[in-house]
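Enquirer: My questions all concern the structure below.
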Amino acid sequence: MISLYLLKSLSILPLKFLYFLSRILSFLAIKVIKYRVKVVEKNLSLTRRFFKSHDLSNIKEVFYKYFVDLYMETIKMNSVDKNFFIKNFKVNNIKDLNDFYYQGKSVMLMLSHYSGYEWCISLPYYLNHDVAAVYSPLKNKHVNNFIVKSREKHGISLFSRYSAFREIFEKEKQGKPTLYGLVADQSPQLSSKNVFWTMFLDQMVPVFTGPEIIAKKYKMPVVYGEMKRVERGSYIINFKLISLDASKEKEHVITKKYLRLIEEQIKQDPSLYLWTHNRFKHAKN
């Protein structure tokens, strides 16, 4: 319960103060607590071919600052309204998605753990589609409920990854065009049947193919959400078309295109990727 009260208290503080606090916490995370520092260093070392012109130690330092900033922004989202997002989050290519809506088509939005991906909870303020996202429930029930309520207050529906296929099936039966947001760039469980091995950031890794499978089943267009950070608390998303009809694509083509788009962004600025996740724990040498 203490963690819940702390999150609620932080959410009502001005964002400028949260950013001040973020600098302190990022220093503690990397220098004192050393939160997942070994994982971050391992990930950067394994994938350094993709950013030869960047200094790894500098990437690590900048990453931790961004990492804590993003969590502060996520906490703040519990107490903000539509105007906050309209002011700080620009959504491009809206017409392209609305065209799919008027055609009666649901859309698969493939996101990555890059830049301000959490800001996509505000997409219901911008689009005609219903918006739903698949998420991984947290073990701490109080914190999990805080995050779920914080996201759903902005109009998005959340489906647990454990029941996502069933819930999307039920949603599609209702006939209302829906934008489904899925993040599929982290390490899946090897026991999952929806996994195949491919190259990502110069490593042979297992990749979760759930978004592609769902999009194929319902003949959805597939788009990639290219997130860009303009400055602290200011982001842009561009929608890049991957496929007009997933059912017409060969197996794994959509997933591979998705991974290449993520790599392009990481090459430009590796400090904005989620390096704290043990993405390469199953990588084959």
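Chain lettering (A, B, ...) mirrors the order of the structure tokens, residue numbering begins at 1 for each chain separately, and ligand numbering begins at 1 in order of display.
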Using DSSP on the backbone, list every residue of stretch 71-174 of chain A that comes out as alpha helix (DSSP H), and give them as a PDB file with C-alpha atoms, in the first residue's frame.
Expert:
ATOM      1  CA  TYR A  71       8.929   6.518 -15.495  1.00  0.00           C
ATOM      2  CA  MET A  72       8.289   9.930 -13.989  1.00  0.00           C
ATOM      3  CA  GLU A  73       6.230  10.887 -17.043  1.00  0.00           C
ATOM      4  CA  THR A  74       4.304   7.620 -16.748  1.00  0.00           C
ATOM      5  CA  ILE A  75       3.500   8.317 -13.106  1.00  0.00           C
ATOM      6  CA  LYS A  76       2.418  11.865 -13.986  1.00  0.00           C
ATOM      7  CA  LYS A  82      -6.404  15.454 -22.645  1.00  0.00           C
ATOM      8  CA  ASN A  83      -4.945  18.965 -22.840  1.00  0.00           C
ATOM      9  CA  PHE A  84      -1.639  17.747 -21.395  1.00  0.00           C
ATOM     10  CA  PHE A  85      -1.217  15.248 -24.216  1.00  0.00           C
ATOM     11  CA  ILE A  86      -2.441  17.576 -26.972  1.00  0.00           C
ATOM     12  CA  LYS A  87       0.204  20.080 -25.862  1.00  0.00           C
ATOM     13  CA  ASN A  88       3.100  17.618 -25.519  1.00  0.00           C
ATOM     14  CA  ILE A  94      -3.820  10.538 -38.371  1.00  0.00           C
ATOM     15  CA  LYS A  95      -5.634  10.655 -41.716  1.00  0.00           C
ATOM     16  CA  ASP A  96      -4.016   7.392 -42.813  1.00  0.00           C
ATOM     17  CA  LEU A  97      -5.393   5.555 -39.787  1.00  0.00           C
ATOM     18  CA  ASN A  98      -8.784   7.235 -40.001  1.00  0.00           C
ATOM     19  CA  ASP A  99      -9.032   6.064 -43.626  1.00  0.00           C
ATOM     20  CA  PHE A 100      -8.766   2.496 -42.324  1.00  0.00           C
ATOM     21  CA  TYR A 101     -11.474   3.295 -39.786  1.00  0.00           C
ATOM     22  CA  TYR A 102     -13.892   4.489 -42.474  1.00  0.00           C
ATOM     23  CA  LYS A 141      -1.211  -5.899  -7.334  1.00  0.00           C
ATOM     24  CA  HIS A 142      -1.413  -2.373  -5.918  1.00  0.00           C
ATOM     25  CA  VAL A 143       1.112  -0.958  -8.390  1.00  0.00           C
ATOM     26  CA  ASN A 144      -0.454  -2.968 -11.211  1.00  0.00           C
ATOM     27  CA  ASN A 145      -3.920  -1.556 -10.435  1.00  0.00           C
ATOM     28  CA  PHE A 146      -2.477   1.981 -10.305  1.00  0.00           C
ATOM     29  CA  ILE A 147      -0.911   1.580 -13.759  1.00  0.00           C
ATOM     30  CA  VAL A 148      -4.016  -0.033 -15.271  1.00  0.00           C
ATOM     31  CA  LYS A 149      -6.344   2.686 -13.943  1.00  0.00           C
ATOM     32  CA  SER A 150      -3.871   5.396 -14.975  1.00  0.00           C
ATOM     33  CA  ARG A 151      -3.851   4.123 -18.540  1.00  0.00           C
ATOM     34  CA  GLU A 152      -7.545   3.300 -18.869  1.00  0.00           C
ATOM     35  CA  ALA A 164      -5.091 -11.243 -25.306  1.00  0.00           C
ATOM     36  CA  PHE A 165      -5.975 -13.651 -28.136  1.00  0.00           C
ATOM     37  CA  ARG A 166      -9.375 -14.400 -26.598  1.00  0.00           C
ATOM     38  CA  GLU A 167     -10.143 -10.753 -25.807  1.00  0.00           C
ATOM     39  CA  ILE A 168      -9.189  -9.575 -29.299  1.00  0.00           C
ATOM     40  CA  PHE A 169     -11.430 -12.318 -30.724  1.00  0.00           C
ATOM     41  CA  GLU A 170     -14.331 -11.038 -28.609  1.00  0.00           C
ATOM     42  CA  LYS A 171     -13.572  -7.434 -29.565  1.00  0.00           C
ATOM     43  CA  GLU A 172     -13.542  -8.250 -33.269  1.00  0.00           C
ATOM     44  CA  LYS A 173     -16.950  -9.924 -32.979  1.00  0.00           C
TER      45      LYS A 173
END
Enquirer: What are the closest atom pairs, with distances in Å to one decimal, for each residue of stretch 58-160 of chain A lying within 8 Å of stretch 181-198 of chain A, using only C-alpha atoms, rows by chain and rising residue number, as a Markdown table?
Expert:
| residue | atom | partner | partner_atom | distance |
| --- | --- | --- | --- | --- |
| A:Met108 | CA | A:Gly181 | CA | 6.4 |
| A:Leu109 | CA | A:Gly181 | CA | 4.7 |
| A:Met110 | CA | A:Leu182 | CA | 5.3 |
| A:Leu111 | CA | A:Val183 | CA | 4.7 |
| A:Ser112 | CA | A:Val183 | CA | 5.2 |
| A:His113 | CA | A:Val183 | CA | 7.0 |
| A:Val131 | CA | A:Gly181 | CA | 7.5 |
| A:Ala132 | CA | A:Gly181 | CA | 6.2 |
| A:Ala133 | CA | A:Gly181 | CA | 4.5 |
| A:Val134 | CA | A:Leu182 | CA | 5.7 |
| A:Tyr135 | CA | A:Leu182 | CA | 7.9 |
Enquirer: Let's have the selection written as a compact mmCIF listing (two decimals), in the first residue's frame, with all heavy atoms.
Expert:
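Generated output (out-v2.txt):
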# COMPACT_ATOMS: atom_id res chain seq x y z
N MET A 108 -3.38 -3.24 -36.70
CA MET A 108 -2.37 -3.70 -35.75
C MET A 108 -1.25 -2.65 -35.68
O MET A 108 -0.59 -2.38 -36.69
CB MET A 108 -1.79 -5.04 -36.19
CG MET A 108 -0.67 -5.57 -35.29
SD MET A 108 -1.19 -5.80 -33.57
CE MET A 108 -2.42 -7.11 -33.78
N LEU A 109 -1.08 -2.06 -34.52
CA LEU A 109 -0.01 -1.09 -34.29
C LEU A 109 1.12 -1.79 -33.55
O LEU A 109 0.96 -2.20 -32.39
CB LEU A 109 -0.52 0.10 -33.47
CG LEU A 109 0.54 1.08 -32.96
CD1 LEU A 109 1.28 1.74 -34.11
CD2 LEU A 109 -0.11 2.13 -32.05
N MET A 110 2.26 -1.93 -34.19
CA MET A 110 3.41 -2.57 -33.57
C MET A 110 4.33 -1.49 -33.01
O MET A 110 4.86 -0.66 -33.75
CB MET A 110 4.14 -3.46 -34.58
CG MET A 110 3.26 -4.58 -35.13
SD MET A 110 4.13 -5.73 -36.22
CE MET A 110 5.09 -6.68 -35.02
N LEU A 111 4.48 -1.52 -31.71
CA LEU A 111 5.32 -0.56 -31.01
C LEU A 111 6.59 -1.23 -30.51
O LEU A 111 6.69 -2.46 -30.50
CB LEU A 111 4.56 0.04 -29.82
CG LEU A 111 3.32 0.87 -30.17
CD1 LEU A 111 2.45 1.05 -28.93
CD2 LEU A 111 3.73 2.22 -30.74
N SER A 112 7.55 -0.44 -30.09
CA SER A 112 8.77 -0.98 -29.50
C SER A 112 9.06 -0.25 -28.19
O SER A 112 8.48 0.81 -27.92
CB SER A 112 9.96 -0.83 -30.45
OG SER A 112 10.29 0.54 -30.61
N HIS A 113 9.95 -0.80 -27.39
CA HIS A 113 10.36 -0.15 -26.16
C HIS A 113 11.41 0.92 -26.48
O HIS A 113 12.53 0.89 -25.99
CB HIS A 113 10.92 -1.17 -25.17
CG HIS A 113 9.87 -2.05 -24.57
ND1 HIS A 113 9.53 -3.27 -25.09
CD2 HIS A 113 9.06 -1.85 -23.49
CE1 HIS A 113 8.58 -3.81 -24.35
NE2 HIS A 113 8.27 -2.98 -23.38
N VAL A 131 -9.19 1.99 -29.09
CA VAL A 131 -7.77 1.67 -28.92
C VAL A 131 -7.62 0.67 -27.78
O VAL A 131 -8.14 0.89 -26.67
CB VAL A 131 -6.93 2.92 -28.63
CG1 VAL A 131 -5.46 2.54 -28.47
CG2 VAL A 131 -7.10 3.96 -29.75
N ALA A 132 -6.93 -0.41 -28.06
CA ALA A 132 -6.67 -1.44 -27.05
C ALA A 132 -5.19 -1.79 -27.08
O ALA A 132 -4.55 -1.71 -28.12
CB ALA A 132 -7.52 -2.68 -27.31
N ALA A 133 -4.67 -2.17 -25.93
CA ALA A 133 -3.26 -2.54 -25.85
C ALA A 133 -3.08 -3.78 -24.99
O ALA A 133 -3.85 -4.01 -24.05
CB ALA A 133 -2.44 -1.39 -25.26
N VAL A 134 -2.10 -4.57 -25.34
CA VAL A 134 -1.77 -5.76 -24.56
C VAL A 134 -0.66 -5.40 -23.58
O VAL A 134 0.32 -4.75 -23.95
CB VAL A 134 -1.31 -6.91 -25.49
CG1 VAL A 134 -0.89 -8.13 -24.67
CG2 VAL A 134 -2.43 -7.27 -26.46
N TYR A 135 -0.82 -5.81 -22.33
CA TYR A 135 0.18 -5.49 -21.32
C TYR A 135 0.51 -6.71 -20.47
O TYR A 135 -0.25 -7.68 -20.44
CB TYR A 135 -0.31 -4.35 -20.42
CG TYR A 135 -1.25 -4.79 -19.31
CD1 TYR A 135 -0.83 -4.82 -17.98
CD2 TYR A 135 -2.56 -5.20 -19.60
CE1 TYR A 135 -1.68 -5.24 -16.97
CE2 TYR A 135 -3.41 -5.62 -18.59
CZ TYR A 135 -2.97 -5.64 -17.28
OH TYR A 135 -3.81 -6.07 -16.28
Enquirer: I need the residue nearest A:Pro124 from this list: A:His154, A:Arg36, A:Lys217, A:Lys60. Use only C-alpha atoms for the distance.
Expert: A:His154
Enquirer: Between A:Cys120, A:Met199, A:Ile254, A:Leu138, which one has atoms that come closest to A:Tyr235, using only C-alpha atoms?
Expert: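 Once distances to A:Tyr235 are computed over only C-alpha atoms, the minimum belongs to A:Cys120.
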Enquirer: From the DSSP assignment of the backbone, select every residue of stretch 31-227 of chain A that is strand (DSSP E), and format the answer as a ChimeraX atom specification.
Expert: /A:89-91,107-111,130-135,157-160,178-183,195-200,203-208,222-227
Enquirer: Give the answer as one residue: which of A:Ser3, A:Ser26, A:Thr178, A:Ser9 has the shortest atom-to-atom distance to A:Val62, using only C-alpha atoms?
Expert: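 Of A:Ser3, A:Ser26, A:Thr178, A:Ser9, the one nearest A:Val62, counting only C-alpha atoms, is A:Ser26.
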Enquirer: Could you state the separation of atom CA of A:Gly210 and atom CA of A:Gly175 in Å, given to one decimal place?
Expert: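 Between atom CA of A:Gly210 and atom CA of A:Gly175 the gap works out to 21.0 Å.
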Enquirer: Just give me the gap between atom CA of A:Arg279 and atom CA of A:Asn238 in Å, one decimal is fine.
Expert: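 It comes out at 24.8 Å.
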Enquirer: Find the residue from A:Ser157, A:Gln103, A:Ser115, A:Asn43 that sits nearest to A:Tyr273; use only C-alpha atoms when measuring.
Expert: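 The answer is A:Ser115, which sits nearest to A:Tyr273.
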Enquirer: Leaving out A:Val39 and any residue of its chain fewer than 3 positions from it, which residues lie within 10 Å of it when counting only C-alpha atoms, given as an MDAnalysis selection string?
Expert: chainID A and resid 35:36 42:45 275:281
Enquirer: Go through A:Arg48, A:Lys267, A:Lys90, A:Lys31 and flag the residue nearest A:Ser234, using only C-alpha atoms for the distances.
Expert: A:Lys90
Enquirer: So what do you get for atom CA of A:Glu231 versus atom CA of A:Lys257, distance-wise?
Expert: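 Those two atoms sit 27.6 Å apart.
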Enquirer: Closest to A:Met77 among A:Met204, A:Leu15, A:Leu6, A:Ile213, using only C-alpha atoms?
Expert: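 Closest residue, counting only C-alpha atoms: A:Leu15.
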Enquirer: With only C-alpha atoms as the counted atoms, please give the residues lying no more than 9 Å from A:Ala215, apart from itself and same-chain residues fewer than 5 positions off, as a list in words.
Expert: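 Close residues of A:Ala215: Ser106, Val107, Met108, Gly210, Met220, Pro221, Val222, Asp245, Ala246 and Ser247 of chain A.
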Enquirer: Please save all heavy atoms of the selected residues as a short mmCIF file (atom, residue, chain, number, x, y, z; two decimals), in the first residue's frame.
Expert:
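Written out: out.cif:
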data_model
loop_
_atom_site.label_atom_id
_atom_site.label_comp_id
_atom_site.auth_asym_id
_atom_site.auth_seq_id
_atom_site.Cartn_x
_atom_site.Cartn_y
_atom_site.Cartn_z
N SER A 106 -9.93 -2.86 -38.61
CA SER A 106 -9.09 -2.76 -37.42
C SER A 106 -7.64 -2.71 -37.87
O SER A 106 -7.31 -3.14 -38.98
CB SER A 106 -9.31 -3.96 -36.49
OG SER A 106 -10.59 -3.90 -35.89
N VAL A 107 -6.76 -2.20 -37.00
CA VAL A 107 -5.35 -2.01 -37.36
C VAL A 107 -4.46 -2.58 -36.27
O VAL A 107 -4.74 -2.44 -35.08
CB VAL A 107 -5.03 -0.51 -37.55
CG1 VAL A 107 -3.54 -0.31 -37.82
CG2 VAL A 107 -5.86 0.08 -38.68
N MET A 108 -3.38 -3.24 -36.70
CA MET A 108 -2.37 -3.70 -35.75
C MET A 108 -1.25 -2.65 -35.68
O MET A 108 -0.59 -2.38 -36.69
CB MET A 108 -1.79 -5.04 -36.19
CG MET A 108 -0.67 -5.57 -35.29
SD MET A 108 -1.19 -5.80 -33.57
CE MET A 108 -2.42 -7.11 -33.78
N GLY A 210 3.19 -12.98 -32.09
CA GLY A 210 1.77 -12.80 -31.83
C GLY A 210 1.09 -11.71 -32.63
O GLY A 210 0.02 -11.94 -33.22
N MET A 220 -5.74 -7.57 -41.11
CA MET A 220 -5.55 -6.18 -40.70
C MET A 220 -4.40 -5.51 -41.43
O MET A 220 -3.40 -6.15 -41.77
CB MET A 220 -5.21 -6.12 -39.20
CG MET A 220 -6.28 -6.56 -38.25
SD MET A 220 -5.66 -6.39 -36.54
CE MET A 220 -6.95 -7.26 -35.65
N PRO A 221 -4.50 -4.21 -41.63
CA PRO A 221 -3.30 -3.43 -41.98
C PRO A 221 -2.38 -3.42 -40.76
O PRO A 221 -2.85 -3.50 -39.62
CB PRO A 221 -3.85 -2.02 -42.25
CG PRO A 221 -5.33 -2.20 -42.41
CD PRO A 221 -5.71 -3.37 -41.59
N VAL A 222 -1.08 -3.32 -41.00
CA VAL A 222 -0.11 -3.28 -39.91
C VAL A 222 0.74 -2.03 -40.05
O VAL A 222 1.24 -1.73 -41.14
CB VAL A 222 0.81 -4.53 -39.93
CG1 VAL A 222 1.80 -4.47 -38.76
CG2 VAL A 222 -0.02 -5.80 -39.87
N ASP A 245 -2.46 -5.48 -45.85
CA ASP A 245 -3.26 -6.66 -45.50
C ASP A 245 -2.32 -7.77 -45.08
O ASP A 245 -1.66 -8.40 -45.90
CB ASP A 245 -4.11 -7.11 -46.70
CG ASP A 245 -5.03 -8.29 -46.37
OD1 ASP A 245 -4.82 -8.95 -45.33
OD2 ASP A 245 -5.94 -8.57 -47.17
N ALA A 246 -2.23 -7.99 -43.78
CA ALA A 246 -1.26 -8.95 -43.24
C ALA A 246 -1.47 -10.36 -43.78
O ALA A 246 -0.51 -11.13 -43.92
CB ALA A 246 -1.35 -8.97 -41.72
N SER A 247 -2.72 -10.70 -44.12
CA SER A 247 -3.00 -12.07 -44.58
C SER A 247 -2.35 -12.38 -45.92
O SER A 247 -2.21 -13.55 -46.29
CB SER A 247 -4.52 -12.29 -44.68
OG SER A 247 -5.08 -11.49 -45.72
#
Enquirer: Neighbours of A:Phe20 within 12 Å (only C-alpha atoms; same-chain residues fewer than 4 positions away dropped), as a VMD selection string?
Expert: chain A and resid 13 to 16 24 to 27 65 68 to 69 72 232
Enquirer: Just the residues within 8 Å of A:Val91, please, counting only C-alpha atoms, with nothing from its chain fewer than 2 positions along; format it as an NGL selection string.
Expert: :A and (89 or 93-94 or 126 or 236-238)
Enquirer: What would the file look like if the residues just selected were written as a PDB file, in the first residue's frame with C-alpha atoms?
Expert:
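Wrote out-v4.pdb, looks like this:
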ATOM      1  CA  PHE A  89       2.419  14.690 -27.851  1.00  0.00           C
ATOM      2  CA  ASN A  93      -0.456  10.460 -40.148  1.00  0.00           C
ATOM      3  CA  ILE A  94      -3.820  10.538 -38.371  1.00  0.00           C
ATOM      4  CA  TYR A 126      -6.545  11.517 -31.441  1.00  0.00           C
ATOM      5  CA  ILE A 236       6.073  12.687 -31.747  1.00  0.00           C
ATOM      6  CA  ILE A 237       4.741   9.465 -33.218  1.00  0.00           C
ATOM      7  CA  ASN A 238       4.830   8.679 -36.932  1.00  0.00           C
TER       8      ASN A 238
END
